[in-house]
$ cat structure-v2.txt   # compact mmCIF, C-alpha atoms
# COMPACT_ATOMS: atom_id res chain seq x y z
CA MET A 13 64.09 11.08 -59.32
CA ALA A 14 62.98 8.27 -57.02
CA ALA A 15 66.39 8.11 -55.36
CA ARG A 16 66.32 11.85 -54.72
CA ASN A 17 62.90 11.57 -53.11
CA GLU A 18 64.17 8.80 -50.84
CA ARG A 19 66.99 11.05 -49.63
CA GLN A 20 64.58 13.88 -48.93
CA VAL A 21 62.34 11.79 -46.66
CA ARG A 22 65.06 9.99 -44.69
CA PRO A 23 64.95 10.58 -40.92
CA PRO A 24 67.32 13.17 -39.41
CA GLU A 25 69.42 10.49 -37.71
CA ALA A 26 70.23 8.98 -41.13
CA PHE A 27 71.85 12.18 -42.40
CA PRO A 28 75.66 12.10 -42.61
CA ALA A 29 77.87 13.53 -39.88
CA VAL A 30 81.61 14.08 -39.56
CA VAL A 31 82.80 13.68 -35.97
CA GLY A 32 86.46 14.23 -35.23
CA GLY A 33 87.18 13.96 -38.95
CA ARG A 34 85.40 10.62 -39.42
CA LEU A 35 82.33 10.30 -41.65
CA GLY A 36 79.31 8.48 -40.25
CA THR A 37 75.68 9.35 -39.57
CA VAL A 38 73.98 11.70 -37.14
CA GLY A 39 72.49 8.70 -35.35
CA GLU A 40 75.97 7.27 -34.78
CA ALA A 41 77.56 10.54 -33.61
CA THR A 42 78.55 10.54 -29.94
CA ILE A 43 80.55 12.55 -27.42
CA PRO A 44 81.64 11.43 -23.94
CA ALA A 45 79.19 12.13 -21.14
CA SER A 46 81.96 14.03 -19.32
CA ASP A 47 82.30 16.63 -22.10
CA GLU A 48 81.45 20.05 -20.66
CA GLY A 49 79.87 20.95 -23.96
CA LEU A 50 77.13 18.55 -22.85
CA LEU A 51 77.27 19.09 -19.09
CA ARG A 52 77.46 22.89 -19.12
CA GLY A 53 76.60 23.98 -22.64
CA ASP A 54 80.20 25.17 -22.94
CA GLY A 55 81.01 25.37 -26.63
CA ALA A 56 80.35 27.17 -29.90
CA PHE A 57 78.25 26.44 -32.95
CA GLU A 58 77.19 27.72 -36.36
CA LEU A 59 74.43 26.73 -38.74
CA LEU A 60 74.56 27.44 -42.47
CA ARG A 61 72.68 26.40 -45.58
CA VAL A 62 73.84 24.37 -48.57
CA TYR A 63 71.94 24.91 -51.82
CA ASP A 64 72.17 22.07 -54.33
CA GLY A 65 75.53 21.02 -52.95
CA ARG A 66 76.96 24.55 -52.66
CA PRO A 67 77.53 26.08 -49.21
CA PHE A 68 76.33 29.67 -48.76
CA ALA A 69 78.43 32.16 -46.76
CA LEU A 70 80.68 29.45 -45.30
CA ALA A 71 83.60 31.86 -44.83
CA GLU A 72 81.39 34.37 -43.02
CA HIS A 73 80.04 31.70 -40.69
CA LEU A 74 83.54 30.44 -39.92
CA ASP A 75 84.72 34.01 -39.29
CA ARG A 76 81.96 34.37 -36.68
CA LEU A 77 82.76 30.95 -35.22
CA GLU A 78 86.35 32.05 -34.72
CA ARG A 79 85.17 35.26 -33.02
CA THR A 80 82.94 33.23 -30.70
CA CYS A 81 85.83 30.91 -29.85
CA VAL A 82 88.07 33.87 -29.04
CA THR A 83 85.34 35.24 -26.75
CA ILE A 84 84.89 31.99 -24.80
CA ARG A 85 88.57 30.95 -25.00
CA LEU A 86 87.93 27.82 -27.06
CA SER A 87 90.27 26.27 -29.62
CA CYS A 88 89.09 26.49 -33.25
CA ASP A 89 90.88 24.57 -36.02
CA ARG A 90 89.41 26.32 -39.04
CA ARG A 91 91.28 24.23 -41.60
CA ALA A 92 89.97 21.00 -40.07
CA ILE A 93 86.42 22.38 -40.02
CA GLU A 94 86.66 23.38 -43.68
CA HIS A 95 87.86 19.87 -44.53
CA ASP A 96 85.03 18.27 -42.56
CA VAL A 97 82.41 20.51 -44.19
CA ALA A 98 83.76 19.56 -47.63
CA THR A 99 83.54 15.87 -46.68
CA LEU A 100 79.95 16.31 -45.53
CA VAL A 101 78.94 18.23 -48.66
CA ALA A 102 80.50 15.56 -50.86
CA ALA A 103 78.55 12.87 -49.00
CA MET A 104 75.29 14.76 -49.64
CA ALA A 105 76.15 15.30 -53.34
CA THR A 106 73.82 17.92 -54.87
CA GLU A 107 71.19 18.03 -52.14
CA SER A 108 70.04 21.13 -50.28
CA PHE A 109 70.38 20.89 -46.51
CA ALA A 110 71.63 22.64 -43.38
CA VAL A 111 75.06 22.18 -41.80
CA ARG A 112 75.49 22.44 -38.04
CA ILE A 113 79.04 22.98 -36.79
CA VAL A 114 79.60 22.25 -33.10
CA LEU A 115 82.80 22.68 -31.08
CA THR A 116 82.74 21.49 -27.47
CA ARG A 117 84.87 22.34 -24.46
CA GLY A 118 85.96 18.72 -24.42
CA GLY A 119 87.67 19.24 -27.79
CA ARG A 120 85.06 17.48 -29.95
CA ARG A 121 84.31 18.71 -33.46
CA LEU A 122 80.93 17.74 -34.91
CA ILE A 123 79.77 18.65 -38.41
CA LEU A 124 76.18 17.49 -38.89
CA ALA A 125 73.88 17.52 -41.91
CA GLU A 126 70.28 18.42 -41.10
CA PRO A 127 67.10 18.61 -43.15
CA VAL A 128 66.15 22.09 -44.27
CA PRO A 129 63.48 23.43 -41.91
CA ALA A 130 60.03 23.38 -43.47
CA SER A 131 58.58 26.83 -44.04
CA ALA A 132 56.01 27.68 -41.39
CA GLY A 133 54.43 30.46 -43.44
CA LEU A 134 53.58 33.55 -41.46
CA LEU A 135 55.30 33.81 -38.11
CA ARG A 136 53.33 34.65 -34.94
CA LEU A 137 55.48 36.30 -32.28
CA ALA A 138 54.95 36.76 -28.55
CA PHE A 139 56.93 39.16 -26.37
CA VAL A 140 59.21 37.42 -23.87
CA VAL A 141 61.38 39.45 -21.50
CA ASP A 142 65.06 38.52 -21.50
CA THR A 143 68.24 39.98 -20.06
CA PRO A 144 71.28 39.69 -22.38
CA ARG A 145 74.55 38.52 -20.82
CA ARG A 146 77.24 41.04 -21.71
CA VAL A 147 80.06 38.57 -21.19
CA LEU A 148 78.66 36.53 -24.11
CA ALA A 149 77.58 39.46 -26.28
CA ALA A 150 77.83 38.59 -30.01
CA ALA A 151 79.01 35.03 -29.23
CA LYS A 152 77.10 32.07 -30.71
CA THR A 153 77.54 29.53 -27.94
CA LEU A 154 75.87 26.25 -27.03
CA SER A 155 74.23 27.96 -24.02
CA TYR A 156 70.83 28.20 -25.71
CA ALA A 157 68.60 26.93 -22.90
CA GLY A 158 67.25 30.44 -22.34
CA ASN A 159 66.38 30.80 -26.01
CA MET A 160 64.60 27.46 -26.05
CA LEU A 161 62.67 28.34 -22.88
CA ALA A 162 61.62 31.62 -24.50
CA ARG A 163 60.21 29.68 -27.45
CA ARG A 164 58.33 27.32 -25.12
CA LEU A 165 56.85 30.25 -23.23
CA ALA A 166 55.65 31.66 -26.55
CA THR A 167 54.20 28.36 -27.79
CA GLU A 168 52.41 27.82 -24.48
CA ARG A 169 50.46 30.97 -25.32
CA GLY A 170 49.66 29.78 -28.85
CA PHE A 171 52.42 31.62 -30.73
CA ASP A 172 55.27 30.27 -32.89
CA GLU A 173 58.34 32.07 -31.58
CA ALA A 174 59.48 34.55 -28.94
CA LEU A 175 60.30 38.16 -29.72
CA LEU A 176 62.80 38.94 -26.99
CA VAL A 177 62.56 42.30 -25.23
CA SER A 178 64.74 43.77 -22.51
CA PRO A 179 63.36 44.48 -19.03
CA GLN A 180 63.24 48.12 -20.16
CA GLY A 181 60.92 47.19 -23.04
CA ARG A 182 63.40 47.42 -25.92
CA VAL A 183 62.97 44.86 -28.67
CA LEU A 184 66.06 42.68 -29.22
CA GLU A 185 65.56 39.77 -31.64
CA VAL A 186 63.56 36.64 -32.30
CA GLN A 187 65.11 33.94 -30.13
CA THR A 188 66.87 32.33 -33.13
CA ALA A 189 66.75 35.10 -35.75
CA SER A 190 67.20 38.79 -36.41
CA PHE A 191 64.09 40.98 -36.25
CA PHE A 192 63.35 43.53 -38.97
CA TYR A 193 60.43 45.95 -38.99
CA VAL A 194 59.04 48.72 -41.16
CA ASP A 195 58.27 51.79 -39.06
CA THR A 196 55.28 54.08 -39.46
CA ASP A 197 57.22 56.21 -41.97
CA GLY A 198 57.88 53.19 -44.20
CA VAL A 199 61.58 52.81 -43.29
CA LEU A 200 63.04 49.30 -43.00
CA CYS A 201 64.74 49.04 -39.61
CA THR A 202 66.32 46.54 -37.26
CA PRO A 203 67.51 46.85 -33.63
CA PRO A 204 71.17 47.90 -33.35
CA LEU A 205 73.95 45.48 -32.43
CA ALA A 206 74.58 47.73 -29.44
CA GLU A 207 71.54 46.04 -27.89
CA GLU A 208 73.83 42.99 -27.53
CA ILE A 209 72.06 40.92 -30.17
CA LEU A 210 73.72 38.44 -32.52
CA ASP A 211 75.52 39.79 -35.58
CA SER A 212 73.56 37.61 -38.00
CA ILE A 213 75.07 36.62 -41.35
CA THR A 214 71.64 36.99 -43.01
CA ARG A 215 71.31 40.41 -41.36
CA ARG A 216 74.58 41.43 -43.00
CA VAL A 217 73.37 40.18 -46.39
CA LEU A 218 70.27 42.35 -46.18
CA PHE A 219 72.27 45.39 -45.09
CA GLY A 220 74.42 44.93 -48.18
CA ARG A 221 71.44 44.83 -50.56
CA LEU A 222 68.72 47.01 -49.04
CA PRO A 223 68.50 50.41 -47.32
CA VAL A 224 68.19 49.34 -43.68
CA GLU A 225 68.54 51.55 -40.62
CA GLU A 226 69.63 50.42 -37.18
CA ARG A 227 67.07 51.88 -34.82
CA PRO A 228 66.07 50.99 -31.27
CA CYS A 229 62.56 49.57 -31.14
CA THR A 230 60.13 49.44 -28.22
CA ARG A 231 57.22 47.10 -27.66
CA GLU A 232 54.93 49.90 -28.78
CA GLY A 233 57.00 50.48 -31.89
CA ALA A 234 56.85 46.79 -32.84
CA LEU A 235 53.08 46.75 -32.41
CA ALA A 236 52.70 49.90 -34.51
CA CYS A 237 55.00 48.88 -37.38
CA ARG A 238 53.66 48.36 -40.89
CA GLU A 239 55.26 44.96 -41.46
CA ALA A 240 57.95 42.76 -39.96
CA PHE A 241 60.03 39.69 -40.69
CA ALA A 242 62.59 37.38 -39.10
CA ALA A 243 65.87 36.57 -40.85
CA SER A 244 68.37 33.77 -40.27
CA ALA A 245 70.33 31.14 -42.17
CA ALA A 246 67.78 28.46 -41.33
CA ARG A 247 64.60 30.39 -42.11
CA GLU A 248 66.08 32.83 -44.69
CA VAL A 249 63.49 35.67 -44.65
CA GLN A 250 60.21 34.73 -42.96
CA PRO A 251 57.30 37.19 -42.82
CA VAL A 252 55.64 37.96 -39.51
CA GLY A 253 51.86 37.57 -39.48
CA ALA A 254 51.26 38.70 -35.91
CA ILE A 255 52.98 40.20 -32.87
CA GLU A 256 50.85 39.53 -29.83
CA ASP A 257 47.36 40.72 -30.83
CA ARG A 258 48.64 42.93 -33.66
CA VAL A 259 47.80 41.10 -36.90
CA PHE A 260 49.42 41.99 -40.22
CA GLY A 261 46.55 41.22 -42.56
CA ASP A 262 48.47 41.87 -45.78
CA ALA A 263 51.65 39.96 -44.86
CA PRO A 264 54.09 39.58 -46.47
CA GLY A 265 54.35 43.30 -47.10
CA PRO A 266 56.29 44.92 -49.95
CA LEU A 267 59.56 45.40 -48.05
CA THR A 268 59.42 41.84 -46.73
CA ARG A 269 59.05 40.59 -50.30
CA ALA A 270 61.94 42.85 -51.33
CA ALA A 271 64.07 41.31 -48.57
CA GLN A 272 63.16 37.79 -49.71
CA ASP A 273 64.16 38.66 -53.28
CA ALA A 274 67.38 40.33 -52.11
CA PHE A 275 68.39 37.28 -50.12
CA ARG A 276 67.67 34.93 -53.04
CA GLN A 277 69.75 37.15 -55.32
CA GLU A 278 72.69 37.00 -52.91
CA VAL A 279 72.48 33.21 -52.70
CA GLU A 280 72.32 32.95 -56.48
CA LEU A 281 75.30 35.28 -56.89
CA ALA A 282 77.37 33.33 -54.38
CA THR A 283 76.41 29.76 -55.32
CA GLY A 284 74.84 29.88 -58.78
CA VAL A 285 71.67 28.38 -57.30
CA ARG A 286 68.39 30.31 -57.17
CA PRO A 287 66.50 29.30 -53.99
CA PRO A 288 62.84 28.47 -54.60
CA ARG A 289 60.16 30.91 -53.51

$ encode --input "structure-v2.txt" --output "structure tokens"
Amino acid sequence: MAARNERQVRPPEAFPAVVGGRLGTVGEATIPASDEGLLRGDGAFELLRVYDGRPFALAEHLDRLERTCVTIRLSCDRRAIEHDVATLVAAMATESFAVRIVLTRGGRRLILAEPVPASAGLLRLAFVVDTPRRVLAAAKTLSYAGNMLARRLATERGFDEALLVSPQGRVLEVQTASFFYVDTDGVLCTPPLAEEILDSITRRVLFGRLPVEERPCTREGALACREAFAASAAREVQPVGAIEDRVFGDAPGPLTRAAQDAFRQEVELATGVRPPR
């Protein structure tokens, strides 16, 4: 037990990493300064979870990675990535952690182990206006500076994350997660992919297990909804406690709890591991 505790508290730079097929640590991982993945954010990435040594939805994440690479005209050696992920998982044994897959324009392949993000409890969201770029629609690229700025704008106002909205006032997504809401009629909804939001793997899981409707959502609709949550591989299903000055006093609501249970059931079915509540 003591050894396991030591692994859990090690710093992020001590986690293993596979770079170009070679196993080392995150702190040792490097790419040349001339790589346009660094200079221009030109590359692709995925992040997935491993539960007690068993990757969840790896094939689905690699499918999306390949789609992203087709979109941005980037080479993707899926077999090499699968081998590197297996090497990383073996190095972590039966731990639970996150895997970040990064492909750069300079041809570098990085597979990094990361600590599982600590649960932040109820999520407080602030509206931030954003304009999606159609040329990158549905692609998960390294060009995330806009997303990170959106988060900073939200935290500067005392919130946790940004709820992105179009200039026309249509709700898109949380800057690193899908947004789900329960409308005034009690229907679980999420903005449609036609709004040029990311086709989230966790979003797909919930569509497969719960009655969810794709519906456009306005600022006013988000503020009037009964409950809401954000969903992603990193955060799983995280209840929203506030959107701007709209506070959800009874969060998590019943459909949020149903979504949390549905996601745990899918993980257990796929990996044999039941994620903790």

$ closest_residue --input "structure-v2.txt" --among "A:Pro44, A:Gly55, A:Pro251, A:Gly220" --to "A:Thr80" --atoms "all atoms listed in the file"
A:Gly55

$ residues_around --input "structure-v2.txt" --residues "A:Val111" --least-positions-apart "5" --cutoff "8 Å" --atoms "all atoms listed in the file" --output "count of residues only"
9

$ atom_distance --input "structure-v2.txt" --atom1 "atom CA of A:Phe68" --atom2 "atom CA of A:Ala240"
24.2 Å

$ closest_residue --input "structure-v2.txt" --among "A:Leu200, A:Val101, A:Leu210, A:Ala245" --to "A:Val224" --atoms "only C-alpha atoms"
A:Leu200

$ residues_around --input "structure-v2.txt" --residues "stretch 84-88 of chain A" --least-positions-apart "2" --cutoff "9 Å" --atoms "only C-alpha atoms" --output "VMD selection string"
chain A and resid 54 to 56 77 to 82 90 to 93 115 to 117 119 147 to 148 151 153

$ atom_distance --input "structure-v2.txt" --atom1 "atom CA of A:Glu239" --atom2 "atom CA of A:Arg169"
21.9 Å

$ residues_near_point --input "structure-v2.txt" --point "(59.2, 29.8, -43.5)" --cutoff "6 Å" --atoms "all atoms listed in the file" --output "list in words"
Ser131, Ala132, Gly133, Arg247 and Gln250 of chain A

$ atom_distance --input "structure-v2.txt" --atom1 "atom CA of A:Leu70" --atom2 "atom CA of A:Arg286"
17.1 Å

$ closest_residue --input "structure-v2.txt" --among "A:Phe241, A:Tyr156, A:Phe275, A:Tyr193" --to "A:Val217" --atoms "all atoms listed in the file"
A:Phe275

$ closest_residue --input "structure-v2.txt" --among "A:Val128, A:Leu134, A:Leu74, A:Val199" --to "A:Val249" --atoms "all atoms listed in the file"
A:Leu134

$ closest_residue --input "structure-v2.txt" --among "A:Ser46, A:Asn159, A:Thr202, A:Thr99" --to "A:Arg182" --atoms "all atoms listed in the file"
A:Thr202

$ closest_residue --input "structure-v2.txt" --among "A:Asp47, A:Glu185, A:Asp211, A:Glu168" --to "A:Glu72" --atoms "only C-alpha atoms"
A:Asp211

$ residues_around --input "structure-v2.txt" --residues "A:Ser212" --least-positions-apart "2" --cutoff "9 Å" --atoms "all atoms listed in the file" --output "tab-separated table (two decimals) with C-alpha atoms, keeping the file's coordinate frame"
chain	number	residue	atom	x	y	z
A	189	ALA	CA	66.75	35.10	-35.75
A	190	SER	CA	67.20	38.79	-36.41
A	209	ILE	CA	72.06	40.92	-30.17
A	210	LEU	CA	73.72	38.44	-32.52
A	214	THR	CA	71.64	36.99	-43.01
A	215	ARG	CA	71.31	40.41	-41.36
A	216	ARG	CA	74.58	41.43	-43.00
A	217	VAL	CA	73.37	40.18	-46.39
A	243	ALA	CA	65.87	36.57	-40.85
A	244	SER	CA	68.37	33.77	-40.27
A	245	ALA	CA	70.33	31.14	-42.17

$ residues_around --input "structure-v2.txt" --residues "A:Val141" --least-positions-apart "4" --cutoff "6 Å" --atoms "only C-alpha atoms" --output "list of chain:residue names"
A:Leu176, A:Val177, A:Ser178, A:Pro179
